[in-house]
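Below is data_23.txt, holding compact mmCIF, C-alpha atoms.
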# COMPACT_ATOMS: atom_id res chain seq x y z
CA MET A 1 19.51 14.67 12.09
CA LYS A 2 18.52 11.83 14.41
CA LYS A 3 15.65 13.88 15.85
CA LYS A 4 14.38 14.72 12.37
CA THR A 5 14.60 11.05 11.42
CA SER A 6 12.72 9.94 14.53
CA ILE A 7 10.01 12.56 13.95
CA GLY A 8 9.65 11.43 10.34
CA LYS A 9 9.35 7.80 11.40
CA THR A 10 6.75 8.72 14.02
CA ILE A 11 4.66 10.65 11.50
CA ALA A 12 4.91 7.77 9.01
CA PHE A 13 3.92 5.29 11.73
CA VAL A 14 0.89 7.33 12.78
CA PHE A 15 -0.13 7.80 9.16
CA CYS A 16 0.08 4.05 8.46
CA LEU A 17 -1.70 3.26 11.75
CA VAL A 18 -4.64 5.51 10.88
CA PHE A 19 -5.04 3.91 7.46
CA ALA A 20 -4.71 0.43 8.99
CA ILE A 21 -7.54 1.24 11.42
CA ILE A 22 -9.67 2.59 8.58
CA TRP A 23 -9.06 -0.62 6.62
CA LEU A 24 -9.58 -2.96 9.57
CA ALA A 25 -12.70 -1.28 11.00
CA PRO A 26 -15.17 -2.70 8.42
CA LEU A 27 -13.58 -6.14 8.69
CA ALA A 28 -13.84 -6.06 12.48
CA GLN A 29 -17.46 -4.90 12.23
CA SER A 30 -18.24 -7.76 9.85
CA LEU A 31 -16.65 -10.27 12.21
CA MET A 32 -18.60 -8.97 15.21
CA THR A 33 -21.85 -8.96 13.23
CA SER A 34 -21.28 -12.56 12.14
CA LEU A 35 -21.03 -13.54 15.82
CA LYS A 36 -24.43 -12.05 16.66
CA ALA A 37 -27.80 -13.77 16.56
CA GLU A 38 -30.20 -12.59 13.86
CA LYS A 39 -32.79 -11.61 16.49
CA GLU A 40 -30.28 -9.42 18.28
CA ILE A 41 -29.45 -7.53 15.09
CA LYS A 42 -33.08 -6.94 14.12
CA MET A 43 -34.54 -6.18 17.56
CA SER A 44 -31.78 -4.25 19.34
CA GLY A 45 -30.01 -1.07 18.38
CA TYR A 46 -26.51 -0.77 17.01
CA SER A 47 -23.67 -2.17 19.08
CA PHE A 48 -20.19 -3.08 17.99
CA PHE A 49 -19.82 -6.13 20.24
CA PRO A 50 -22.56 -8.76 20.40
CA GLN A 51 -24.50 -9.16 23.62
CA THR A 52 -24.03 -12.90 23.32
CA PHE A 53 -21.35 -14.46 21.16
CA THR A 54 -22.72 -17.23 18.98
CA PHE A 55 -21.48 -19.25 16.01
CA GLU A 56 -25.04 -19.94 14.88
CA SER A 57 -24.54 -18.14 11.56
CA TYR A 58 -21.51 -20.25 10.70
CA THR A 59 -23.18 -23.52 11.61
CA ASP A 60 -26.28 -22.54 9.61
CA LEU A 61 -24.18 -21.80 6.55
CA PHE A 62 -22.87 -25.34 6.42
CA SER A 63 -26.02 -27.13 7.55
CA THR A 64 -29.64 -25.98 7.46
CA ARG A 65 -29.20 -23.31 4.76
CA SER A 66 -26.91 -25.45 2.64
CA ASP A 67 -29.71 -26.53 0.27
CA SER A 68 -30.55 -23.04 -0.93
CA THR A 69 -27.11 -21.54 -0.36
CA PRO A 70 -24.44 -24.26 -0.76
CA ILE A 71 -21.58 -22.11 0.45
CA LEU A 72 -19.20 -25.06 0.71
CA LYS A 73 -19.72 -25.83 -3.00
CA TRP A 74 -19.26 -22.15 -3.83
CA PHE A 75 -16.06 -22.10 -1.82
CA LEU A 76 -14.68 -25.19 -3.56
CA ASN A 77 -15.74 -23.85 -6.97
CA SER A 78 -13.92 -20.59 -6.29
CA LEU A 79 -10.86 -22.42 -5.04
CA LEU A 80 -10.73 -24.68 -8.09
CA THR A 81 -11.35 -22.01 -10.71
CA SER A 82 -9.07 -19.43 -9.08
CA THR A 83 -6.21 -21.90 -8.73
CA ALA A 84 -6.58 -23.15 -12.31
CA ALA A 85 -6.83 -19.59 -13.65
CA THR A 86 -3.73 -18.57 -11.68
CA LEU A 87 -1.66 -21.46 -13.01
CA LEU A 88 -2.80 -20.70 -16.56
CA VAL A 89 -1.91 -17.04 -16.13
CA LEU A 90 1.56 -17.91 -14.87
CA VAL A 91 2.25 -20.27 -17.79
CA ILE A 92 1.01 -17.97 -20.55
CA SER A 93 2.30 -14.71 -19.09
CA SER A 94 5.77 -16.05 -18.27
CA THR A 95 6.28 -17.69 -21.67
CA SER A 96 5.05 -14.57 -23.47
CA ALA A 97 7.25 -12.33 -21.34
CA TYR A 98 10.26 -14.56 -22.03
CA ALA A 99 9.71 -14.22 -25.77
CA TYR A 100 9.47 -10.43 -25.56
CA ALA A 101 12.40 -10.05 -23.17
CA ARG A 102 14.98 -12.66 -24.22
CA MET A 103 14.25 -13.78 -27.78
CA GLU A 104 15.01 -11.91 -30.99
CA PHE A 105 12.43 -11.99 -33.79
CA LYS A 106 11.13 -9.61 -36.40
CA GLY A 107 8.41 -7.24 -35.22
CA ARG A 108 8.96 -8.01 -31.54
CA ASN A 109 8.83 -4.39 -30.37
CA LEU A 110 5.85 -3.62 -32.59
CA LEU A 111 3.88 -6.55 -31.25
CA PHE A 112 4.76 -5.61 -27.69
CA GLY A 113 3.66 -2.02 -28.35
CA ILE A 114 0.33 -3.23 -29.71
CA LEU A 115 -0.07 -5.46 -26.66
CA MET A 116 0.57 -2.53 -24.32
CA ALA A 117 -1.88 -0.37 -26.29
CA THR A 118 -4.68 -2.76 -25.42
CA MET A 119 -4.34 -1.68 -21.78
CA ILE A 120 -5.97 1.69 -22.57
CA PHE A 121 -9.32 -0.02 -23.15
CA PRO A 122 -11.44 -0.80 -20.07
CA SER A 123 -11.92 -4.50 -19.51
CA ILE A 124 -15.69 -4.14 -19.32
CA ILE A 125 -15.93 -3.61 -23.10
CA ASN A 126 -14.77 -7.22 -23.53
CA LEU A 127 -17.80 -8.67 -21.75
CA ILE A 128 -20.06 -9.04 -24.80
CA PRO A 129 -17.35 -10.46 -27.14
CA LEU A 130 -16.16 -12.85 -24.43
CA TYR A 131 -19.68 -13.99 -23.71
CA LYS A 132 -20.35 -14.66 -27.42
CA ILE A 133 -17.09 -16.60 -27.71
CA CYS A 134 -17.92 -18.70 -24.64
CA ALA A 135 -21.43 -19.32 -25.98
CA ALA A 136 -20.05 -20.40 -29.36
CA LEU A 137 -17.69 -22.83 -27.62
CA HIS A 138 -20.51 -24.15 -25.39
CA MET A 139 -18.72 -23.05 -22.22
CA ILE A 140 -21.61 -21.13 -20.65
CA ASN A 141 -22.49 -22.49 -17.21
CA THR A 142 -19.21 -24.41 -16.99
CA LYS A 143 -16.00 -23.84 -15.05
CA TRP A 144 -14.10 -23.26 -18.29
CA ALA A 145 -15.96 -19.98 -18.73
CA LEU A 146 -14.44 -18.82 -15.44
CA ILE A 147 -10.91 -20.05 -16.16
CA LEU A 148 -10.06 -19.41 -19.81
CA PRO A 149 -11.13 -15.77 -20.42
CA GLY A 150 -8.63 -14.44 -17.88
CA ALA A 151 -5.80 -16.71 -18.98
CA SER A 152 -3.29 -13.94 -19.49
CA GLY A 153 -3.29 -10.15 -19.33
CA ALA A 154 -1.13 -7.43 -20.84
CA PHE A 155 -0.16 -6.04 -17.46
CA ASN A 156 1.05 -9.43 -16.23
CA ILE A 157 3.19 -9.88 -19.33
CA PHE A 158 4.58 -6.37 -18.94
CA LEU A 159 5.42 -6.91 -15.28
CA ILE A 160 7.26 -10.19 -15.86
CA ARG A 161 9.02 -8.88 -18.97
CA GLN A 162 10.37 -5.87 -17.10
CA PHE A 163 11.72 -8.15 -14.40
CA MET A 164 13.34 -10.45 -16.97
CA LEU A 165 15.06 -7.51 -18.63
CA GLY A 166 16.97 -6.97 -15.41
CA ILE A 167 18.45 -10.48 -15.51
CA PRO A 168 21.91 -10.42 -17.17
CA LYS A 169 21.87 -11.98 -20.63
CA GLU A 170 25.32 -13.39 -19.92
CA LEU A 171 23.50 -16.17 -18.06
CA ASP A 172 21.72 -17.15 -21.28
CA GLU A 173 24.94 -17.07 -23.26
CA ALA A 174 26.78 -19.20 -20.71
CA ALA A 175 23.95 -21.74 -20.71
CA LYS A 176 23.96 -21.88 -24.53
CA ILE A 177 27.70 -22.59 -24.50
CA ASP A 178 26.98 -25.52 -22.19
CA GLY A 179 24.43 -26.81 -24.71
CA ALA A 180 21.21 -25.68 -23.05
CA SER A 181 18.17 -25.08 -25.24
CA SER A 182 15.86 -22.07 -24.97
CA LEU A 183 13.34 -24.16 -23.03
CA GLN A 184 16.01 -25.29 -20.55
CA ILE A 185 17.25 -21.73 -20.11
CA PHE A 186 13.69 -20.60 -19.47
CA THR A 187 12.77 -23.33 -16.99
CA ARG A 188 16.09 -23.76 -15.16
CA ILE A 189 17.53 -20.25 -15.10
CA ILE A 190 14.97 -17.54 -15.83
CA LEU A 191 11.94 -18.89 -13.96
CA PRO A 192 13.75 -19.49 -10.62
CA LEU A 193 15.15 -15.96 -10.74
CA CYS A 194 11.67 -14.59 -11.47
CA ALA A 195 10.09 -16.14 -8.36
CA PRO A 196 9.35 -12.76 -6.68
CA VAL A 197 7.51 -11.24 -9.65
CA LEU A 198 5.74 -14.52 -10.40
CA THR A 199 4.46 -14.47 -6.82
CA VAL A 200 3.08 -10.98 -7.36
CA VAL A 201 1.37 -12.01 -10.59
CA ALA A 202 -0.01 -15.14 -8.94
CA MET A 203 -1.50 -13.10 -6.10
CA PHE A 204 -3.03 -10.60 -8.51
CA ALA A 205 -4.48 -13.40 -10.64
CA PHE A 206 -5.83 -15.41 -7.71
CA THR A 207 -7.44 -12.48 -5.91
CA GLY A 208 -8.82 -11.12 -9.17
CA SER A 209 -10.44 -14.43 -10.03
CA TRP A 210 -11.61 -15.06 -6.47
CA ASN A 211 -13.22 -11.61 -6.05
CA ASP A 212 -14.73 -11.39 -9.53
CA PHE A 213 -18.47 -10.81 -9.34
CA LEU A 214 -19.76 -9.55 -12.69
CA TRP A 215 -18.36 -12.19 -15.06
CA PRO A 216 -19.41 -15.27 -13.00
CA THR A 217 -22.86 -13.72 -12.64
CA LEU A 218 -23.19 -13.51 -16.43
CA VAL A 219 -21.90 -16.97 -17.38
CA ILE A 220 -23.09 -19.11 -14.45
CA SER A 221 -26.80 -19.60 -13.76
CA ASN A 222 -26.73 -22.93 -11.91
CA VAL A 223 -26.57 -22.32 -8.15
CA ASP A 224 -24.36 -25.36 -7.54
CA LYS A 225 -21.80 -24.11 -10.07
CA MET A 226 -21.55 -20.56 -8.73
CA THR A 227 -18.46 -19.16 -7.08
CA ILE A 228 -18.57 -17.65 -3.64
CA THR A 229 -18.58 -13.98 -4.66
CA PRO A 230 -21.84 -13.97 -6.67
CA GLY A 231 -23.17 -16.46 -4.14
CA MET A 232 -23.05 -13.72 -1.51
CA GLN A 233 -25.88 -11.99 -3.39
CA ILE A 234 -28.08 -15.03 -2.77
CA LEU A 235 -26.84 -15.48 0.76
CA LYS A 236 -28.08 -12.09 1.95
CA GLY A 237 -31.66 -13.15 1.15
CA THR A 238 -34.22 -12.35 -1.54
CA TYR A 239 -37.26 -11.22 0.44
CA ASP A 240 -35.62 -10.84 3.82
CA VAL A 241 -32.15 -9.77 4.88
CA TYR A 242 -29.92 -11.96 7.05
CA PRO A 243 -27.02 -9.69 8.11
CA SER A 244 -25.39 -12.22 10.40
CA HIS A 245 -25.35 -14.95 7.76
CA ALA A 246 -24.17 -12.52 5.08
CA MET A 247 -21.29 -11.33 7.27
CA ALA A 248 -20.37 -14.91 8.17
CA GLY A 249 -20.23 -15.76 4.48
CA GLY A 250 -18.13 -12.67 3.85
CA ILE A 251 -15.63 -13.65 6.53
CA VAL A 252 -15.37 -17.15 5.07
CA SER A 253 -14.88 -15.73 1.57
CA VAL A 254 -11.90 -13.53 2.51
CA LEU A 255 -9.95 -16.24 4.34
CA PRO A 256 -8.12 -17.73 1.31
CA THR A 257 -6.82 -14.39 0.03
CA PHE A 258 -5.84 -13.37 3.56
CA ILE A 259 -3.92 -16.61 4.13
CA LEU A 260 -2.32 -16.32 0.68
CA PHE A 261 -0.98 -12.86 1.36
CA LEU A 262 0.08 -13.83 4.88
CA PHE A 263 2.40 -16.57 3.60
CA ALA A 264 3.52 -14.83 0.40
CA GLN A 265 3.97 -11.26 1.64
CA LYS A 266 7.77 -11.57 1.68
CA TYR A 267 7.91 -12.38 -2.04
CA PHE A 268 5.09 -9.95 -2.76
CA ILE A 269 6.95 -6.97 -1.31
CA LYS A 270 10.20 -8.05 -2.95
CA GLY A 271 8.50 -8.48 -6.30
CA MET A 272 6.72 -5.14 -6.10
CA GLN A 273 10.01 -3.32 -5.65
CA LEU A 274 11.27 -4.61 -9.00
CA GLN A 275 14.59 -2.85 -8.38
CA SER A 276 16.49 -5.25 -10.55
CA ALA A 277 13.92 -5.07 -13.33
CA VAL A 278 13.69 -1.36 -14.02
CA LYS A 279 16.18 0.03 -16.51
CA GLY A 280 17.05 3.64 -17.11

Take the structure from the file and write it as structure tokens.
Amino acid sequence: MKKKTSIGKTIAFVFCLVFAIIWLAPLAQSLMTSLKAEKEIKMSGYSFFPQTFTFESYTDLFSTRSDSTPILKWFLNSLLTSTAATLLVLVISSTSAYAYARMEFKGRNLLFGILMATMIFPSIINLIPLYKICAALHMINTKWALILPGASGAFNIFLIRQFMLGIPKELDEAAKIDGASSLQIFTRIILPLCAPVLTVVAMFAFTGSWNDFLWPTLVISNVDKMTITPGMQILKGTYDVYPSHAMAGGIVSVLPTFILFLFAQKYFIKGMQLQSAVKG
């Protein structure tokens, strides 16, 4: 039995190692390319490691090319809009999930079923209606157009609701006996216990907003108001290609999501298990 277990662990380790290499190879290539000079890339053949390591691309991004490609502004715009969108998602999704999971009202299951049914439609069909709504509210070319449209999400509500269903309702009853209101129960009992799943939702919301390309391209036309993802399209060059600068911008753009997962991976893995949330 021990030998079979060790063989199984070895196979699983090799399998995970292969996929980790496959995932890391493009990132490593991007990093090495960003440390090359533009002349080296265009004049010499392919090589994984640069002949001469240089941070010229990174310094150019934040200095000489900053007028046409203000990557620092794009970075701050992405950070602001992604953080605001994430907080809004957490507030709306958690309160909605609490209503569906812990409160009794007529038509609750029907409304929840209708909400879940909306998940069968691809999100891309919402682009035109969302754009018309934003235009009617004069939000085009503003940060609100990047924050408000993704304020919730049926999947986020479903995920949090399923987790809340696994929390014993005896806690609510005990709190009510002590005189706690529904708001106090929600903020002081339910939310702290939902920290793992809220972390998962926050990571999904932040990375989704940060990596979004199509929607910011449609609603933002001012270069200074762009986020970093559509800004990469400008960074690569219009009439000429700058691979080193593009890769440097790409490395800078992935840092926030990488750091976020690095510090929140414990809660992320715990929340993804959802062992206490799944019934039957």

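Distances here use all atoms listed in the file; by that measure, the residue among A:Asn109, A:Ser94, A:Asn222, A:Asn126 closest to Asn156 (chain A) is A:Ser94.
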
>> Need the shell around Ile92 (chain A): protein/DNA/RNA residues with any atom at most 10 Å away, counting only C-alpha atoms. Skip same-chain ones fewer than 3 positions apart. Format as a PyMOL selection string?
In response: chain A and resi 87-89+95-98+151-153+156-157

>> Just the number, please: distance in Å from CA of Leu115 (chain A) to CA of Ala154 (chain A), one decimal.
In response: 6.2 Å

>> Report, in Å to a single decimal, how far apart CA of Cys134 (chain A) and CA of Pro149 (chain A) are.
In response: 8.5 Å

Within 9 Å of region 69-74 of chain A, which residues of region 168-260 of chain A come that close, and what is the closest atom pair and distance in Å for each? Count all atoms listed in the file and give it as a tab-separated table.
residue	atom	partner	partner_atom	distance
A:Val223	CA	A:Thr69	CA	7.8
A:Asp224	CA	A:Lys73	CA	6.5
A:Lys225	CA	A:Trp74	CA	7.0
A:Met226	CA	A:Trp74	CA	5.6
A:Thr227	CA	A:Trp74	CA	4.5
A:Ile228	CA	A:Trp74	CA	4.6
A:Thr229	CA	A:Trp74	CA	8.2
A:Gly231	CA	A:Trp74	CA	6.9
A:Met232	CA	A:Ile71	CA	8.7
A:Ile234	CA	A:Thr69	CA	7.0
A:Leu235	CA	A:Thr69	CA	6.2
A:Gly249	CA	A:Ile71	CA	7.6

>> Between CA of Tyr58 (chain A) and CA of Ile147 (chain A), what is the distance in Å, rounded to a tenth?
In response: 28.9 Å

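Ranking A:Pro216, A:Pro129, A:Gly113, A:Pro243 by their shortest atom-to-atom distance to Glu40 (chain A), with only C-alpha atoms included, puts A:Pro243 first.
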
> Hey, what's within 10 Å of Gln184 (chain A) if we count only C-alpha atoms and toss same-chain stuff fewer than 5 positions away? As an MDAnalysis selection string, please?
Replying inline: chainID A and resid 172 175:176 179 189:190

Taking C-alpha atoms for each residue, export the selection above as a CSV table (one decimal), in the coordinates of the input.
chain,number,residue,atom,x,y,z
A,172,ASP,CA,21.7,-17.2,-21.3
A,175,ALA,CA,24.0,-21.7,-20.7
A,176,LYS,CA,24.0,-21.9,-24.5
A,179,GLY,CA,24.4,-26.8,-24.7
A,189,ILE,CA,17.5,-20.2,-15.1
A,190,ILE,CA,15.0,-17.5,-15.8

>> List as a PyMOL selection string the protein and nucleic acid residues near Met203 (chain A), meaning an atom at most 12 Å away when all atoms listed in the file are counted, but skip any in the same chain fewer than 2 places from it.
In response: chain A and resi 82-83+85-87+89-90+156+196-201+205-211+256-265+267-269+271-272

> Of the candidates A:Trp23, A:Phe53, A:Phe112, A:Phe13, which shows the shortest atom-to-atom distance to Leu35 (chain A), using only C-alpha atoms?
Replying inline: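 With only C-alpha atoms as the atom set, the closest residue is A:Phe53.
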
>> Residues proximal to (12.7, -10.5, -13.3) were defined as those with any atom within 7 Å of that point in the file's coordinates, counting all atoms listed in the file. Which are they, as a ChimeraX atom specification?
In response: /A:160-167,193-194,197,277

>> Given the point (-18.3, -8.8, 8.6) in the coordinates of this file, which residues lie within 8 Å, counting all atoms listed in the file, and how would they look as a ChimeraX atom specification?
In response: /A:26-34,246-248,250-251

Go ahead and fit an axis-aligned box to every listed atom of region 27-39 of chain A plus 5 Å each side, and pass me the centre and edge lengths in Å, one decimal, as lines of an AutoDock Vina configuration file.
center_x = -23.2
center_y = -9.3
center_z = 12.7
size_x = 29.2
size_y = 18.9
size_z = 18.0

Would you mind writing region 139-150 of chain A with all heavy atoms, as a PDB file, in the coordinates of the input?
ATOM      1  N   MET A 139     -19.339 -23.093 -23.545  1.00  0.00           N
ATOM      2  CA  MET A 139     -18.720 -23.050 -22.220  1.00  0.00           C
ATOM      3  C   MET A 139     -19.576 -22.341 -21.186  1.00  0.00           C
ATOM      4  O   MET A 139     -19.184 -22.262 -20.014  1.00  0.00           O
ATOM      5  CB  MET A 139     -17.350 -22.352 -22.307  1.00  0.00           C
ATOM      6  CG  MET A 139     -16.314 -23.099 -23.100  1.00  0.00           C
ATOM      7  SD  MET A 139     -14.630 -22.461 -22.849  1.00  0.00           S
ATOM      8  CE  MET A 139     -14.833 -20.740 -23.300  1.00  0.00           C
ATOM      9  N   ILE A 140     -20.741 -21.820 -21.602  1.00  0.00           N
ATOM     10  CA  ILE A 140     -21.610 -21.130 -20.650  1.00  0.00           C
ATOM     11  C   ILE A 140     -22.081 -22.127 -19.592  1.00  0.00           C
ATOM     12  O   ILE A 140     -22.432 -23.259 -19.886  1.00  0.00           O
ATOM     13  CB  ILE A 140     -22.821 -20.502 -21.376  1.00  0.00           C
ATOM     14  CG1 ILE A 140     -22.336 -19.471 -22.393  1.00  0.00           C
ATOM     15  CG2 ILE A 140     -23.769 -19.852 -20.374  1.00  0.00           C
ATOM     16  CD1 ILE A 140     -21.560 -18.315 -21.792  1.00  0.00           C
ATOM     17  N   ASN A 141     -22.080 -21.681 -18.355  1.00  0.00           N
ATOM     18  CA  ASN A 141     -22.490 -22.490 -17.210  1.00  0.00           C
ATOM     19  C   ASN A 141     -21.527 -23.649 -16.942  1.00  0.00           C
ATOM     20  O   ASN A 141     -21.919 -24.695 -16.425  1.00  0.00           O
ATOM     21  CB  ASN A 141     -23.909 -23.037 -17.396  1.00  0.00           C
ATOM     22  CG  ASN A 141     -24.671 -23.117 -16.075  1.00  0.00           C
ATOM     23  OD1 ASN A 141     -24.447 -22.324 -15.168  1.00  0.00           O
ATOM     24  ND2 ASN A 141     -25.562 -24.077 -15.969  1.00  0.00           N
ATOM     25  N   THR A 142     -20.261 -23.441 -17.311  1.00  0.00           N
ATOM     26  CA  THR A 142     -19.210 -24.410 -16.990  1.00  0.00           C
ATOM     27  C   THR A 142     -18.039 -23.679 -16.340  1.00  0.00           C
ATOM     28  O   THR A 142     -17.918 -22.456 -16.441  1.00  0.00           O
ATOM     29  CB  THR A 142     -18.704 -25.134 -18.254  1.00  0.00           C
ATOM     30  OG1 THR A 142     -18.021 -24.193 -19.097  1.00  0.00           O
ATOM     31  CG2 THR A 142     -19.852 -25.772 -19.018  1.00  0.00           C
ATOM     32  N   LYS A 143     -17.162 -24.439 -15.702  1.00  0.00           N
ATOM     33  CA  LYS A 143     -16.000 -23.840 -15.050  1.00  0.00           C
ATOM     34  C   LYS A 143     -15.012 -23.256 -16.056  1.00  0.00           C
ATOM     35  O   LYS A 143     -14.249 -22.341 -15.727  1.00  0.00           O
ATOM     36  CB  LYS A 143     -15.299 -24.894 -14.178  1.00  0.00           C
ATOM     37  CG  LYS A 143     -16.090 -25.302 -12.949  1.00  0.00           C
ATOM     38  CD  LYS A 143     -15.301 -26.290 -12.108  1.00  0.00           C
ATOM     39  CE  LYS A 143     -16.035 -26.631 -10.808  1.00  0.00           C
ATOM     40  NZ  LYS A 143     -17.321 -27.286 -11.038  1.00  0.00           N
ATOM     41  N   TRP A 144     -15.026 -23.776 -17.278  1.00  0.00           N
ATOM     42  CA  TRP A 144     -14.100 -23.260 -18.290  1.00  0.00           C
ATOM     43  C   TRP A 144     -14.365 -21.785 -18.591  1.00  0.00           C
ATOM     44  O   TRP A 144     -13.454 -21.039 -18.926  1.00  0.00           O
ATOM     45  CB  TRP A 144     -14.204 -24.076 -19.576  1.00  0.00           C
ATOM     46  CG  TRP A 144     -13.695 -25.477 -19.413  1.00  0.00           C
ATOM     47  CD1 TRP A 144     -14.439 -26.622 -19.441  1.00  0.00           C
ATOM     48  CD2 TRP A 144     -12.342 -25.878 -19.174  1.00  0.00           C
ATOM     49  NE1 TRP A 144     -13.628 -27.716 -19.238  1.00  0.00           N
ATOM     50  CE2 TRP A 144     -12.340 -27.287 -19.072  1.00  0.00           C
ATOM     51  CE3 TRP A 144     -11.135 -25.193 -19.033  1.00  0.00           C
ATOM     52  CZ2 TRP A 144     -11.175 -28.019 -18.839  1.00  0.00           C
ATOM     53  CZ3 TRP A 144      -9.977 -25.913 -18.797  1.00  0.00           C
ATOM     54  CH2 TRP A 144     -10.003 -27.312 -18.707  1.00  0.00           C
ATOM     55  N   ALA A 145     -15.617 -21.375 -18.480  1.00  0.00           N
ATOM     56  CA  ALA A 145     -15.960 -19.980 -18.730  1.00  0.00           C
ATOM     57  C   ALA A 145     -15.378 -19.054 -17.667  1.00  0.00           C
ATOM     58  O   ALA A 145     -15.223 -17.849 -17.898  1.00  0.00           O
ATOM     59  CB  ALA A 145     -17.480 -19.809 -18.773  1.00  0.00           C
ATOM     60  N   LEU A 146     -15.045 -19.604 -16.514  1.00  0.00           N
ATOM     61  CA  LEU A 146     -14.440 -18.820 -15.440  1.00  0.00           C
ATOM     62  C   LEU A 146     -12.917 -18.862 -15.476  1.00  0.00           C
ATOM     63  O   LEU A 146     -12.261 -18.007 -14.884  1.00  0.00           O
ATOM     64  CB  LEU A 146     -14.927 -19.331 -14.077  1.00  0.00           C
ATOM     65  CG  LEU A 146     -16.431 -19.329 -13.837  1.00  0.00           C
ATOM     66  CD1 LEU A 146     -16.755 -19.951 -12.492  1.00  0.00           C
ATOM     67  CD2 LEU A 146     -16.988 -17.913 -13.912  1.00  0.00           C
ATOM     68  N   ILE A 147     -12.360 -19.853 -16.163  1.00  0.00           N
ATOM     69  CA  ILE A 147     -10.910 -20.050 -16.160  1.00  0.00           C
ATOM     70  C   ILE A 147     -10.232 -19.449 -17.380  1.00  0.00           C
ATOM     71  O   ILE A 147      -9.264 -18.691 -17.262  1.00  0.00           O
ATOM     72  CB  ILE A 147     -10.589 -21.559 -16.063  1.00  0.00           C
ATOM     73  CG1 ILE A 147     -11.114 -22.138 -14.743  1.00  0.00           C
ATOM     74  CG2 ILE A 147      -9.078 -21.799 -16.185  1.00  0.00           C
ATOM     75  CD1 ILE A 147     -11.005 -23.650 -14.656  1.00  0.00           C
ATOM     76  N   LEU A 148     -10.749 -19.763 -18.564  1.00  0.00           N
ATOM     77  CA  LEU A 148     -10.060 -19.410 -19.810  1.00  0.00           C
ATOM     78  C   LEU A 148     -10.054 -17.921 -20.162  1.00  0.00           C
ATOM     79  O   LEU A 148      -9.036 -17.418 -20.629  1.00  0.00           O
ATOM     80  CB  LEU A 148     -10.648 -20.217 -20.967  1.00  0.00           C
ATOM     81  CG  LEU A 148     -10.428 -21.735 -20.896  1.00  0.00           C
ATOM     82  CD1 LEU A 148     -11.066 -22.419 -22.093  1.00  0.00           C
ATOM     83  CD2 LEU A 148      -8.938 -22.064 -20.838  1.00  0.00           C
ATOM     84  N   PRO A 149     -11.152 -17.173 -19.983  1.00  0.00           N
ATOM     85  CA  PRO A 149     -11.130 -15.770 -20.420  1.00  0.00           C
ATOM     86  C   PRO A 149     -10.058 -14.912 -19.763  1.00  0.00           C
ATOM     87  O   PRO A 149      -9.561 -13.965 -20.371  1.00  0.00           O
ATOM     88  CB  PRO A 149     -12.536 -15.273 -20.036  1.00  0.00           C
ATOM     89  CG  PRO A 149     -13.383 -16.492 -20.088  1.00  0.00           C
ATOM     90  CD  PRO A 149     -12.501 -17.586 -19.561  1.00  0.00           C
ATOM     91  N   GLY A 150      -9.669 -15.228 -18.551  1.00  0.00           N
ATOM     92  CA  GLY A 150      -8.630 -14.440 -17.880  1.00  0.00           C
ATOM     93  C   GLY A 150      -7.289 -15.128 -17.874  1.00  0.00           C
ATOM     94  O   GLY A 150      -6.504 -14.978 -16.935  1.00  0.00           O
TER      95      GLY A 150
END
